[in-house]
Amino acid sequence: MKRLTHLPTLRIDPSQEIPLKYNRRTYQGVHGDTVATALFANGVRILARSLKYHRPRGLYSLDGECSNTFMQVNAIPNVCTENTLLRRGMTVEAQNVKGTPETDRMGFMDKLDWAMPAGFYYRTLHKPARIWPLALKQVRKAAGLGVIAPDFEMKGKYDEIYPQADVCVIGGGPAGMSAARAAAAQGLRVILLESRPWLGGFFDYRPAEYHDGVPLYRRARELAQRLEETTNVRIFSHTAMVGAYNNNLITAFQQGGPGDHFDERYIEIRAVSVVVATGCIERPLLFENNERPGVMQIGCAHRLARTYGLLPGEQAVFSIGHDLGLEAAIDLFDLGLKVACVADIREDGQDPRLVDELAARKIPFWRGWVATRAHGKKTVTKVSLSTIPGTQQRDFGCDLLVASAGMTPVTGPLTLAQAQLQYDLHTGFFLPAQLPPKVHAAGRLLGLHDALAIEASGHLAGLEAAADCGVSVDADRQRARENLDSRPGPVRGCKLVLAPVKGRKSFICFDEDTTIKNIQQAIAMGFEATELIKRFTTAGTGPGQGGIPGHNLPLFVAQYLGEASVAAQPTVVRAPLVPTFLATYAGSHHDMCKRTPVHDSQKQAGGVMRRIGVWRRARYFSQDFSCREEIVNVRNNVGMLDASTLGKFRIWGPDALQALQRVYVSDMSKVSEGKVKYSAMCNDDGCIIDDGVVVKRGANDYYFTTSTARAGVTGEWFRYHTRYDGWNFSIVNLTDAFGVINLAGPNARQVLEKVADADVSNAAFPYIGYREFTIRDTIPVRAMRLGFVGELSYELHVPSSYMQALWDILAEAGRELNIRNFGVEAQNVLRMEKCHLIIGAESELRTTLHDVGLGFLWDRTKTAAKTVGAVALRQTAEQEGRLKLVGFKMEDPSRTPKDGSLIVDRAIRGYICIARHSFTLEEPVGLALVEAPLNQEGTRLEIFEDECGDRRLYAKVVPTPFYDPEGTRLRI
Amino acid sequence: MFGRHKPLWGKKTRLKSSYDAVIIGGGLHGLATAYFLARDHDLTNVAVIEKRYIGFGGGGRNTAIVRANQRTSQNVPLYKEALALWPVLTRELDYNLMFFNCGNLNLMHSEAAMNAARMNVATAQFHGVESHLIDAKQCKELIPALNISDDITYPILGAMYHPPGGIVRHDAVVWGLAKGAARHGVHIHQQTAVTGIGVANGQIVSVETDRGKIHTPRVLLAAGGYSAAISYHMLGIKLPISVLTIQAMVTQPLKPILNHVVSSGTYHAYANQTLKGEIATGAHMDPWPNYTTQTTAYYIKHQAEALAEMLPCLRGVKFMRHWAGLADMTPDMAPIMDGNAPLKGYFMNCGWGYFGFKSCAAAGKYMARFMATGNCPDMLKPFTLRRFAQHRLMGETAALMSYSPDN
């Protein structure tokens, strides 16, 4: 097909050919083509088949409102080829067809529409019940469009950026550019988003006069150039705005060009003020076979010629309801298109100059006529026109039918920003009755058509946005408003929805093959709310979402139900306004985990790292996941554990103690200097949520630890539970500021002695003591003598920057003793033998402090403190039938039950929290939560493991702790 | 083949001045209860009052997943029965609910999670519900698109595999139940808002609506996310419910790629392929209470990040629609099903959070029995409102809930 190569409006470079592989044949496109326009240039008219009826589909619009041009591109499904730029090396294939779109063997489905009324699948395929599984398979196979392979790898680079702006303008047409310019002139930082690769909007391709003999396209290029030269305007072209969220958070994605470092990038903009100048798409005209290839919208036909140099057909009929249609007919005629007839739905209201120009070209112009049927099996060969009431009819042979009922404002960004839409009688648009704060609308989407009015409204919106940013623009605004008021206002919209036809093949939604008849069926079945009709008929739920049916559906429903004023509401528009790759949303996707200060050395030492909450920790130090050597070493010698993930806090101030009393169950006034106090926190149900130790470092100055999981929320917990008291205290989270080494085992002191600058003998630093001293004259440590693993142990807290140094010093000092690392799993077994609890492992939502055997921590006398959970602790202290934590041993010691196994009789009575073969005790031991009275010592527990069938294991409730019940090992 | 298209849930009827029972909320639970009241208990003089249109709330916003592998022995039997009811209802309602019995995989990413999953699996097996622990390789055999390599944020260690689960067409359930209820004579009043509930001597006597007053001795509160507000504002009864937004989204439609429901608590993501071919995906609730159904930029991005790791081929697929609904969360993630206390004739079926879809059939059946007979069926006894006052929370989740700051 010959290109029109000398138009000044072209966005292609005909001299640069790009080959394209489509359905195993090679075609030639040119630089600037989209995939679909390149195929169109090669005479391909049927680009896809529809979802349900496999009807032929072709170019209809060029803005991706429907799936008419969806193909597989480079193995990526559902690529909208009408706005996907042609690139070198592309392999393109049709999808959802048997054969090619031209010869799809599923085409017979179109004749079966009688068998598929609205929601037919709800009413069929289930009788008899046994056919459903078979039908289901067929339904799944028939549904869906493109194919993605399970091993598909998405190539390319995906970036993300988070710019801020004073004013974000959505839409780079004349209104958007004017708005951006006005705001930028006030010195504000402006971001402009434009979905096409160039600025200009609907000026870009039109040779009609702007003003003083300047054509619109030249005006657009002038505006664009000036904007590009403005340094405080950041232009993102080829960028689709996809979401608007609270407080003007705008999301968009940009497609990269040849010089960009990304293929697509996710953009999240926080703007003070937003101007929406997204213009209009066209409202599809509904008649029989209204989506037959050869039927296209005004902008599509016009842009094919003016932007891509492709005459959209040879012989055309126009059936339109807007002046743009007249303008396109005249311009395309001048470019060589034969125009058989221009039928205008409107009886009056046309621009007289356009009417004169049509007459000058002897193009028949019929007012009050509309297309009723497109003929032709695969592409249009003939068109029937009729008067609006359907009284007269005439046929015209043609290969192009330009059909459009009018305009549809692109209000998606406004509705996402929570604007409520209302029907506007004059324009026939659904427009916001009131705009959300700091959001403005401008240009064509308000119904404006006059070029100067569009620019004036953009200018005004830009000033309004500037005012939102605190700039004083009152005088300018006044002038801008007067200027806008002096121009023509919104044009009257064409109201016709459906041509005088029955609508059996009038498609209100292309993606889902929903016809007018389907909508009528749904209404007959009681679905009267537009949202319900949408759900039931699936109109507007396909890849193009509301692009095709969004405006027509509520209009048609309102008219059909005979409501005098259009009360129907459009269905809700949802993000993303343009379908967006998961790859793009995922962006560069950083894994933001935390590493302890000695992470690298842990890994080097053979640590098998596991993700634990936000951290990575060494869970094992060998491939023996039973951790025998690590455990035995701690029991008999000395080991080191990186416990840096513990939550660590400082709380200080005159009311620090009161705050501690509020959240800890114990009497915290008994915390004395030089000693650690172990206590717990509960929630209002008395459920234990955290445990840890508290030390007093000075008057009203405490340091305390929490479990790893609670480190993030403890500060908030304190503040929340003291929020009405007006207490004076401060709390700071030191979790990342301090690292912790747990030096544990009977030989721990021998190691510490060598390096500590203080006496760490049992007498000078006894069990549950707290000391601060230096190591090797340099490293300040906060040392606690604790015994979580049941042995002599020192928990050494040091500033994170010293952690690696201290680790290396201790490792060096312990070398002759064969000190070694132990990991989280070894610690888990060691503490379990000692029956020290891990919150969340042996406690859960249902268990109170009493239930897990820590009721002794609760001081019931400190009622004045209003301790969180105290009421529940009092109420549940003697309650029967609660889950209780018990220790157990197996009847048959050769078998350790699996964690998570159930304790049962006729019903489920509890479960095993943890069970391990104890190398220390040489038999399996474990902890379980069981319903009282099964917690009585000596009770026989029946264990139900997964996949056990009829087999059961048996255990006995035994006293705890299993290891060193007297605690002598802690005190040596 | 189809004959004339008749109104599915009867013609629009006028609001009568008296009904034997009034159900507030034309969602899944309200309609199911209405259906079973009429079907099993001959109580057909019943009105369902819906402020918007039927299925406006969770009924139309959930992601259609059904399963019976819950954590506790109070819940599993209820969901087991609900699961068995889908084919039964399809037949009875003569409406294809499109149960796709594809099975569910709940991925586990740590040793601790595998152990926790074992408890769920054992609980299911103890109750005769099929559920198994499988390893990563077996997961990959079931879902070839799954990434079981070690170089992702949360490597997959295995999964809880629950073959009886799957997906059901959620809208069909709403419409089918409405059809069934209407066929038995139940009146469904859409676009009708409840404005008050009348009480005399500790007994429900009436419901006021914006279309007039209805005399009734029984009222069921089944208003989903709005239940707690109705209960408090109209009766002064506080329910321990926090309302949070929960979001979901779908991709563009694809030919079959995912033949199971796959979910991961760690990644906060689940995905299943609808019969239309879209990948429906969602995850956890927003971390703060609110009554809006607004979506967030964070959420859709998070979802993409999670799926891009779990199912990397989906990187080449596009998100198409993102929406939100309300989850009415109780402190123990189990619902409140109670009645005749503290007011006679006042029944509650709420607090379902994001489990209200999979349970609706069975919950409706037992609530109907409760309302008709006045005796609480054993199945519902554990779900009493009193459990919160007694600090006897149900163990539906082991983890502490933190959606309200006082928890």
# chains A, B, ... in the order shown; residues from 1 in each chain; ligands from 1
>>> residues_around(residues="A:Ala301", least_positions_apart="6", cutoff="9 Å", atoms="only C-alpha atoms", output="MDAnalysis selection string")
chainID A and resid 60:61 310:313 328 332 400 402
>>> write_last_selection(atoms="C-alpha atoms", output="short mmCIF file (atom, residue, chain, number, x, y, z; two decimals), in the first residue's frame")
data_model
loop_
_atom_site.label_atom_id
_atom_site.label_comp_id
_atom_site.auth_asym_id
_atom_site.auth_seq_id
_atom_site.Cartn_x
_atom_site.Cartn_y
_atom_site.Cartn_z
CA TYR A 60 -11.23 0.66 15.12
CA SER A 61 -9.53 3.24 17.27
CA LEU A 310 -2.07 5.47 5.21
CA LEU A 311 -5.36 6.17 3.49
CA PRO A 312 -7.86 4.23 5.60
CA GLY A 313 -9.83 2.99 2.57
CA ALA A 328 -11.99 14.40 8.70
CA LEU A 332 -9.41 12.73 3.77
CA LEU A 400 -14.62 2.14 4.88
CA VAL A 402 -16.22 6.02 9.59
#
>>> residues_around(residues="stretch 11-17 of chain A", least_positions_apart="6", cutoff="10 Å", atoms="only C-alpha atoms", output="NGL selection string")
:A and (3-5 or 27-34 or 88 or 197-198 or 204-205 or 303 or 306-309)
>>> write_last_selection(atoms="N, CA and C atoms", output="compact mmCIF listing (two decimals), in the first residue's frame")
# COMPACT_ATOMS: atom_id res chain seq x y z
N ARG A 3 2.22 4.82 0.69
CA ARG A 3 2.10 5.78 1.80
C ARG A 3 1.99 7.18 1.25
N LEU A 4 1.29 8.01 2.00
CA LEU A 4 1.31 9.44 1.74
C LEU A 4 2.56 9.94 2.45
N THR A 5 3.59 10.29 1.70
CA THR A 5 4.87 10.51 2.35
C THR A 5 5.22 11.97 2.59
N TYR A 27 6.82 -8.94 6.77
CA TYR A 27 6.24 -7.73 6.21
C TYR A 27 7.21 -6.57 6.45
N GLN A 28 6.99 -5.48 5.75
CA GLN A 28 7.82 -4.30 5.97
C GLN A 28 6.98 -3.18 6.57
N GLY A 29 7.45 -2.67 7.68
CA GLY A 29 6.86 -1.46 8.22
C GLY A 29 7.91 -0.37 8.14
N VAL A 30 7.58 0.79 8.69
CA VAL A 30 8.58 1.85 8.70
C VAL A 30 8.72 2.39 10.12
N HIS A 31 9.80 3.10 10.33
CA HIS A 31 10.06 3.69 11.63
C HIS A 31 8.91 4.62 12.02
N GLY A 32 8.40 4.46 13.22
CA GLY A 32 7.28 5.28 13.66
C GLY A 32 5.95 4.57 13.58
N ASP A 33 5.90 3.49 12.82
CA ASP A 33 4.69 2.67 12.74
C ASP A 33 4.40 2.01 14.08
N THR A 34 3.15 1.74 14.34
CA THR A 34 2.83 0.76 15.37
C THR A 34 2.75 -0.58 14.64
N ARG A 88 12.62 -3.42 15.70
CA ARG A 88 13.33 -4.43 14.94
C ARG A 88 13.26 -5.79 15.63
N PRO A 197 3.86 8.94 22.12
CA PRO A 197 5.30 9.23 22.14
C PRO A 197 5.60 10.71 21.90
N TRP A 198 4.59 11.48 21.52
CA TRP A 198 4.82 12.90 21.25
C TRP A 198 3.71 13.73 21.90
N ASP A 204 -2.40 17.43 17.00
CA ASP A 204 -1.18 16.95 16.36
C ASP A 204 -1.33 16.57 14.90
N TYR A 205 -2.49 16.03 14.54
CA TYR A 205 -2.63 15.48 13.19
C TYR A 205 -3.58 16.31 12.32
N ARG A 303 -6.12 9.81 11.66
CA ARG A 303 -4.72 9.66 12.09
C ARG A 303 -3.99 8.64 11.23
N ARG A 306 -3.00 10.96 8.45
CA ARG A 306 -2.18 12.12 8.77
C ARG A 306 -0.93 11.77 9.58
N THR A 307 -1.02 10.77 10.42
CA THR A 307 0.12 10.42 11.27
C THR A 307 0.96 9.32 10.63
N TYR A 308 0.27 8.36 9.98
CA TYR A 308 0.98 7.19 9.46
C TYR A 308 1.04 7.16 7.94
N GLY A 309 0.41 8.15 7.29
CA GLY A 309 0.47 8.21 5.83
C GLY A 309 -0.28 7.11 5.13
>>> select_by_dssp(residues="stretch 9-79 of chain B", states="strand (DSSP E or B)", output="list of chain:residue names")
B:Ser18, B:Ala21, B:Val22, B:Ile23, B:Ile24, B:Val46, B:Ala47, B:Val48, B:Ile49, B:Ile65, B:Val66
>>> closest_atom_pairs(of="chain A", to="chain B", cutoff="6 Å", atoms="only C-alpha atoms", output="JSON lines")
{"residue": "A:Ile76", "atom": "CA", "partner": "B:Gly316", "partner_atom": "CA", "distance": 5.8}
{"residue": "A:Tyr122", "atom": "CA", "partner": "B:Asn96", "partner_atom": "CA", "distance": 4.5}
{"residue": "A:Arg123", "atom": "CA", "partner": "B:Tyr95", "partner_atom": "CA", "distance": 5.5}
{"residue": "A:His126", "atom": "CA", "partner": "B:Asn96", "partner_atom": "CA", "distance": 5.7}
{"residue": "A:Arg140", "atom": "CA", "partner": "B:Leu275", "partner_atom": "CA", "distance": 5.4}
{"residue": "A:Ala143", "atom": "CA", "partner": "B:Lys276", "partner_atom": "CA", "distance": 5.2}
{"residue": "A:Gly144", "atom": "CA", "partner": "B:Leu254", "partner_atom": "CA", "distance": 4.1}
{"residue": "A:Leu145", "atom": "CA", "partner": "B:Leu254", "partner_atom": "CA", "distance": 5.1}
{"residue": "A:Gly146", "atom": "CA", "partner": "B:Leu254", "partner_atom": "CA", "distance": 5.1}
{"residue": "A:Val147", "atom": "CA", "partner": "B:Lys255", "partner_atom": "CA", "distance": 5.3}
{"residue": "A:Pro150", "atom": "CA", "partner": "B:Ala145", "partner_atom": "CA", "distance": 4.3}
{"residue": "A:Phe152", "atom": "CA", "partner": "B:Cys313", "partner_atom": "CA", "distance": 4.8}
{"residue": "A:Glu153", "atom": "CA", "partner": "B:Cys313", "partner_atom": "CA", "distance": 5.8}
{"residue": "A:Met154", "atom": "CA", "partner": "B:Gly316", "partner_atom": "CA", "distance": 5.6}
{"residue": "A:Ala524", "atom": "CA", "partner": "B:His5", "partner_atom": "CA", "distance": 5.7}
{"residue": "A:Met525", "atom": "CA", "partner": "B:Pro7", "partner_atom": "CA", "distance": 3.8}
{"residue": "A:Gly526", "atom": "CA", "partner": "B:Pro7", "partner_atom": "CA", "distance": 4.7}
{"residue": "A:Pro543", "atom": "CA", "partner": "B:Gln252", "partner_atom": "CA", "distance": 5.5}
{"residue": "A:Arg574", "atom": "CA", "partner": "B:Arg321", "partner_atom": "CA", "distance": 5.8}
{"residue": "A:Ala575", "atom": "CA", "partner": "B:His322", "partner_atom": "CA", "distance": 5.6}
{"residue": "A:Pro579", "atom": "CA", "partner": "B:Met320", "partner_atom": "CA", "distance": 4.8}
{"residue": "A:Thr580", "atom": "CA", "partner": "B:Lys318", "partner_atom": "CA", "distance": 4.7}
{"residue": "A:Phe581", "atom": "CA", "partner": "B:Lys318", "partner_atom": "CA", "distance": 4.0}
{"residue": "A:Leu582", "atom": "CA", "partner": "B:Arg315", "partner_atom": "CA", "distance": 4.7}
{"residue": "A:Ala583", "atom": "CA", "partner": "B:Arg315", "partner_atom": "CA", "distance": 4.4}
{"residue": "A:Tyr585", "atom": "CA", "partner": "B:Lys301", "partner_atom": "CA", "distance": 5.1}
{"residue": "A:Ala586", "atom": "CA", "partner": "B:Glu305", "partner_atom": "CA", "distance": 4.4}
{"residue": "A:Asn683", "atom": "CA", "partner": "B:Asn407", "partner_atom": "CA", "distance": 5.9}
{"residue": "A:Asp685", "atom": "CA", "partner": "B:His391", "partner_atom": "CA", "distance": 5.6}
{"residue": "A:Glu844", "atom": "CA", "partner": "B:Ala398", "partner_atom": "CA", "distance": 4.8}
{"residue": "A:Leu845", "atom": "CA", "partner": "B:Ala398", "partner_atom": "CA", "distance": 5.3}
{"residue": "A:Arg846", "atom": "CA", "partner": "B:Leu393", "partner_atom": "CA", "distance": 5.4}
{"residue": "A:Asp899", "atom": "CA", "partner": "B:Asn115", "partner_atom": "CA", "distance": 5.3}
{"residue": "A:Gly900", "atom": "CA", "partner": "B:Met119", "partner_atom": "CA", "distance": 4.2}
{"residue": "A:Ser901", "atom": "CA", "partner": "B:Met119", "partner_atom": "CA", "distance": 5.6}
{"residue": "A:Asp946", "atom": "CA", "partner": "B:Ala122", "partner_atom": "CA", "distance": 4.5}
>>> write_last_selection(atoms="C-alpha atoms", output="short mmCIF file (atom, residue, chain, number, x, y, z; two decimals), in the first residue's frame")
data_model
loop_
_atom_site.label_atom_id
_atom_site.label_comp_id
_atom_site.auth_asym_id
_atom_site.auth_seq_id
_atom_site.Cartn_x
_atom_site.Cartn_y
_atom_site.Cartn_z
CA ILE A 76 4.01 -11.88 25.26
CA TYR A 122 -25.19 -19.75 34.51
CA ARG A 123 -28.25 -21.44 33.10
CA HIS A 126 -24.87 -28.08 34.88
CA ARG A 140 -11.54 -22.71 30.18
CA ALA A 143 -11.93 -18.34 27.42
CA GLY A 144 -8.83 -16.23 27.72
CA LEU A 145 -7.09 -14.55 24.85
CA GLY A 146 -3.33 -14.89 24.70
CA VAL A 147 -1.06 -17.68 25.82
CA PRO A 150 4.92 -21.46 32.18
CA PHE A 152 8.30 -17.66 29.85
CA GLU A 153 11.00 -15.19 30.84
CA MET A 154 10.23 -11.53 30.49
CA ALA A 524 -35.49 -8.55 31.50
CA MET A 525 -33.95 -10.86 34.07
CA GLY A 526 -34.01 -8.18 36.73
CA PRO A 543 -8.99 -6.07 28.46
CA ARG A 574 -10.71 1.26 38.15
CA ALA A 575 -6.95 1.43 38.09
CA PRO A 579 -3.26 -2.36 31.50
CA THR A 580 0.25 -2.57 32.91
CA PHE A 581 2.79 -5.37 33.00
CA LEU A 582 3.47 -6.99 36.34
CA ALA A 583 7.12 -6.60 35.40
CA TYR A 585 4.79 -2.63 38.52
CA ALA A 586 7.42 -4.83 40.15
CA ASN A 683 -2.52 -7.73 75.35
CA ASP A 685 -6.97 -10.56 76.45
CA GLU A 844 -0.66 -18.23 70.30
CA LEU A 845 -3.67 -16.00 70.11
CA ARG A 846 -5.62 -18.21 72.51
CA ASP A 899 5.96 -30.64 65.00
CA GLY A 900 2.37 -29.65 64.47
CA SER A 901 0.95 -33.10 65.23
CA ASP A 946 -0.54 -36.13 59.44
#
>>> select_by_dssp(residues="stretch 121-351 of chain B", states="alpha helix (DSSP H)", output="ChimeraX atom specification")
/B:121-126,136-142,170-183,227-235,297-310
>>> atom_distance(atom1="atom CA of B:Tyr270", atom2="atom CA of B:Leu105")
9.4 Å
>>> residues_around(residues="A:Gly64", least_positions_apart="2", cutoff="10 Å", atoms="only C-alpha atoms", output="ChimeraX atom specification")
/A:59-62,66-70,79-84,543-544,547-548,578-579
>>> closest_residue(among="B:Asp150, B:Glu50, B:Glu92, B:Glu81", to="B:Cys360", atoms="only C-alpha atoms")
B:Glu81
>>> atom_distance(atom1="atom CA of A:Leu324", atom2="atom CA of A:Ser404")
9.8 Å
>>> decode(residues="stretch 112-130 of chain B", atoms="N, CA and C atoms", output="compact mmCIF listing (two decimals), in the first residue's frame")
# COMPACT_ATOMS: atom_id res chain seq x y z
N ALA B 112 9.53 -23.45 60.11
CA ALA B 112 8.48 -23.20 61.10
C ALA B 112 7.10 -23.20 60.43
N ALA B 113 7.04 -22.62 59.24
CA ALA B 113 5.76 -22.57 58.54
C ALA B 113 5.31 -23.97 58.12
N MET B 114 6.27 -24.80 57.72
CA MET B 114 5.92 -26.18 57.36
C MET B 114 5.32 -26.89 58.57
N ASN B 115 5.91 -26.65 59.74
CA ASN B 115 5.39 -27.29 60.94
C ASN B 115 4.01 -26.78 61.30
N ALA B 116 3.83 -25.47 61.13
CA ALA B 116 2.51 -24.89 61.42
C ALA B 116 1.49 -25.46 60.44
N ALA B 117 1.91 -25.62 59.19
CA ALA B 117 1.01 -26.17 58.18
C ALA B 117 0.64 -27.61 58.51
N ARG B 118 1.59 -28.32 59.11
CA ARG B 118 1.29 -29.71 59.46
C ARG B 118 0.11 -29.80 60.41
N MET B 119 0.01 -28.82 61.30
CA MET B 119 -1.12 -28.83 62.22
C MET B 119 -2.43 -28.67 61.45
N ASN B 120 -2.46 -27.76 60.48
CA ASN B 120 -3.67 -27.60 59.67
C ASN B 120 -3.99 -28.88 58.91
N VAL B 121 -2.95 -29.47 58.35
CA VAL B 121 -3.13 -30.69 57.56
C VAL B 121 -3.69 -31.80 58.45
N ALA B 122 -3.08 -31.96 59.63
CA ALA B 122 -3.54 -33.02 60.53
C ALA B 122 -4.97 -32.75 60.98
N THR B 123 -5.28 -31.48 61.23
CA THR B 123 -6.65 -31.14 61.65
C THR B 123 -7.65 -31.50 60.54
N ALA B 124 -7.29 -31.16 59.33
CA ALA B 124 -8.17 -31.51 58.20
C ALA B 124 -8.33 -33.02 58.13
N GLN B 125 -7.22 -33.73 58.18
CA GLN B 125 -7.29 -35.19 58.05
C GLN B 125 -8.10 -35.80 59.19
N PHE B 126 -7.95 -35.25 60.38
CA PHE B 126 -8.71 -35.77 61.52
C PHE B 126 -10.21 -35.62 61.27
N HIS B 127 -10.57 -34.56 60.55
CA HIS B 127 -11.99 -34.33 60.27
C HIS B 127 -12.42 -34.92 58.93
N GLY B 128 -11.55 -35.71 58.33
CA GLY B 128 -11.93 -36.35 57.08
C GLY B 128 -11.90 -35.42 55.88
N VAL B 129 -11.12 -34.36 55.98
CA VAL B 129 -10.96 -33.45 54.84
C VAL B 129 -9.60 -33.70 54.23
N GLU B 130 -9.56 -33.87 52.91
CA GLU B 130 -8.29 -34.19 52.29
C GLU B 130 -7.36 -32.98 52.28
